[in-house]
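This report concerns only the one structure given below.
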Amino acid sequence: MPLLIKLSICTLIFLSVQCADPRINVQNGNNAIQVDPCDDPDARISCCFANMPSNVTHQMIITESEDDGEILLISGRVINNIDSGAMPNILIYGYHTDKNGYYTKAGTESGVQKWHGKFHGWCKTNDQGEFEIRTIRPAPYPDNTIPAHIHLAIQKPHNSKPFYINDIVFSEDPLTNEQYRSSEPYEDGGSGIIDLKKRDSVWKGERLIILSEQ
């Protein structure tokens, strides 16, 4: 068989294979690239818990360094909305801005924490439903559109679907106005507005979280 005919046949066979399944190269390309689905500012809420350490306690210690800002201590409790009984083993994830209103990064974050910044942490309520957050007092966003706040996500036991509750905000913040107070988005968890008092150079407040048992 002449060489030209052989080359033509081979070319036709090659093109036929490529046209028959154009997904081969795409699939191989996707398999070669590992994409982190949690590396997204709009990642699913479960991504908040993807990097959680295995040894979480009832204390969420985000930072205790005065170099980062004014120290803030929030004592909290999680109860149910039926008989106000304590809810133990509730996982809580929190994150917030720095003292200038930015989500500062340490450079070691992965997943959704690349977007949440270095001021984040986890805790798990104890047998009395108690938890504690040790961090700094965050600042509002630079555009001053909403109050300074701490985002909170909840994960109940037994692999239930995680969800956000109302942000912790501070009652004396001028941005915690009537418009904000009337527009908190989540019913489950109760209001996130808390009072703060400064004692011994530490801001202190309490957050009561009221959850449905479903």
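In the structure tokens, chains take letters A, B, ... by order of appearance, with residues numbered from 1 within each chain and ligands from 1 in the order shown.
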
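Residue neighbourhood of Trp122 of chain A, excluding near-sequence residues (fewer than 6 positions): Met60, Ile92 and Tyr93 of chain A, at 6 Å, using only C-alpha atoms.
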
Next on the checklist: For segment 44-50 of chain A, find every residue with an atom within 7 Å (counting only C-alpha atoms), except residues of its own chain fewer than 4 positions away, and show them as number ranges by chain.
Outcome noted: A: 38, 93, 112, 162-163

Checklist entry - Would you give me, as JSON, numbers by chain, the residues in segment 3-208 of chain A that DSSP reads as strand (DSSP E)? => result {"A": [59, 60, 61, 71, 72, 73, 74, 75, 76, 77, 78, 79, 80, 91, 92, 93, 94, 95, 96, 120, 121, 122, 123, 124, 130, 131, 132, 133, 134, 135, 136, 149, 150, 151, 152, 153, 154, 155, 163, 164, 165, 166, 167, 168, 169, 170, 193, 194, 197, 198, 199, 202, 203, 204, 205, 206, 207, 208]}

Checklist entry - Quick one: distance from atom CA of His96 of chain A to atom CA of Gly117 of chain A in Å, one decimal? => result 7.8 Å

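Coordinates place atom CA of Ile61 of chain A at a distance of 16.1 Å from atom CA of Ile168 of chain A.
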
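Nearest to Val169 of chain A of all the residues A:Glu132, A:Thr104, A:Ile74, A:Gln113 is A:Ile74, counting only C-alpha atoms.
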
Item to check | Shell of 10 Å around segment 186-202 of chain A, only C-alpha atoms, local chain residues under 2 positions omitted, as a PyMOL selection string | outcome: chain A and resi 66+70-74+78-81+136-137+149-152+154+163-173+176+180-181+183-184+204-212

Item to check | Within 12 Å of Asp143 of chain A using only C-alpha atoms, minus same-chain residues under 4 positions, as an MDAnalysis selection string | outcome: chainID A and resid 100:102 139 147:148 175

When DSSP works through the backbone of this structure, what residues of segment 109-211 of chain A end up as helix (DSSP H, G or I), shown as a short mmCIF file (atom, residue, chain, number, x, y, z; two decimals) with N, CA and C atoms, in the first residue's frame?
data_model
loop_
_atom_site.label_atom_id
_atom_site.label_comp_id
_atom_site.auth_asym_id
_atom_site.auth_seq_id
_atom_site.Cartn_x
_atom_site.Cartn_y
_atom_site.Cartn_z
N GLN A 113 -11.38 29.16 54.44
CA GLN A 113 -10.67 30.08 55.34
C GLN A 113 -9.74 31.04 54.57
N LYS A 114 -9.43 30.72 53.31
CA LYS A 114 -8.70 31.68 52.49
C LYS A 114 -9.49 32.98 52.33
N TRP A 115 -10.79 32.86 52.41
CA TRP A 115 -11.68 34.01 52.24
C TRP A 115 -12.11 34.58 53.59
N HIS A 116 -12.17 33.72 54.60
CA HIS A 116 -12.59 34.18 55.93
C HIS A 116 -11.45 34.83 56.71
N GLU A 178 -32.11 50.74 64.36
CA GLU A 178 -33.43 50.10 64.29
C GLU A 178 -33.61 49.32 63.00
N GLN A 179 -33.05 49.83 61.93
CA GLN A 179 -33.16 49.11 60.66
C GLN A 179 -32.47 47.76 60.76
N TYR A 180 -31.28 47.73 61.36
CA TYR A 180 -30.57 46.46 61.51
C TYR A 180 -31.33 45.54 62.46
N ARG A 181 -31.79 46.07 63.58
CA ARG A 181 -32.46 45.26 64.59
C ARG A 181 -33.71 44.58 64.04
#

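Between atom CA of Phe131 of chain A and atom CA of Lys99 of chain A the interatomic distance comes to 23.2 Å.
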
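Of the residues listed (A:Thr145, A:Thr108, A:Gln34, A:Asn126), A:Asn126 shows the shortest atom-to-atom separation from Arg77 of chain A; distances use only C-alpha atoms.
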
Item to check | Selection near Asn89 of chain A, 9 Å with only C-alpha atoms, sequence-local residues under 6 positions removed, as a VMD selection string | outcome: chain A and resid 58 124 to 127 129 156 to 157
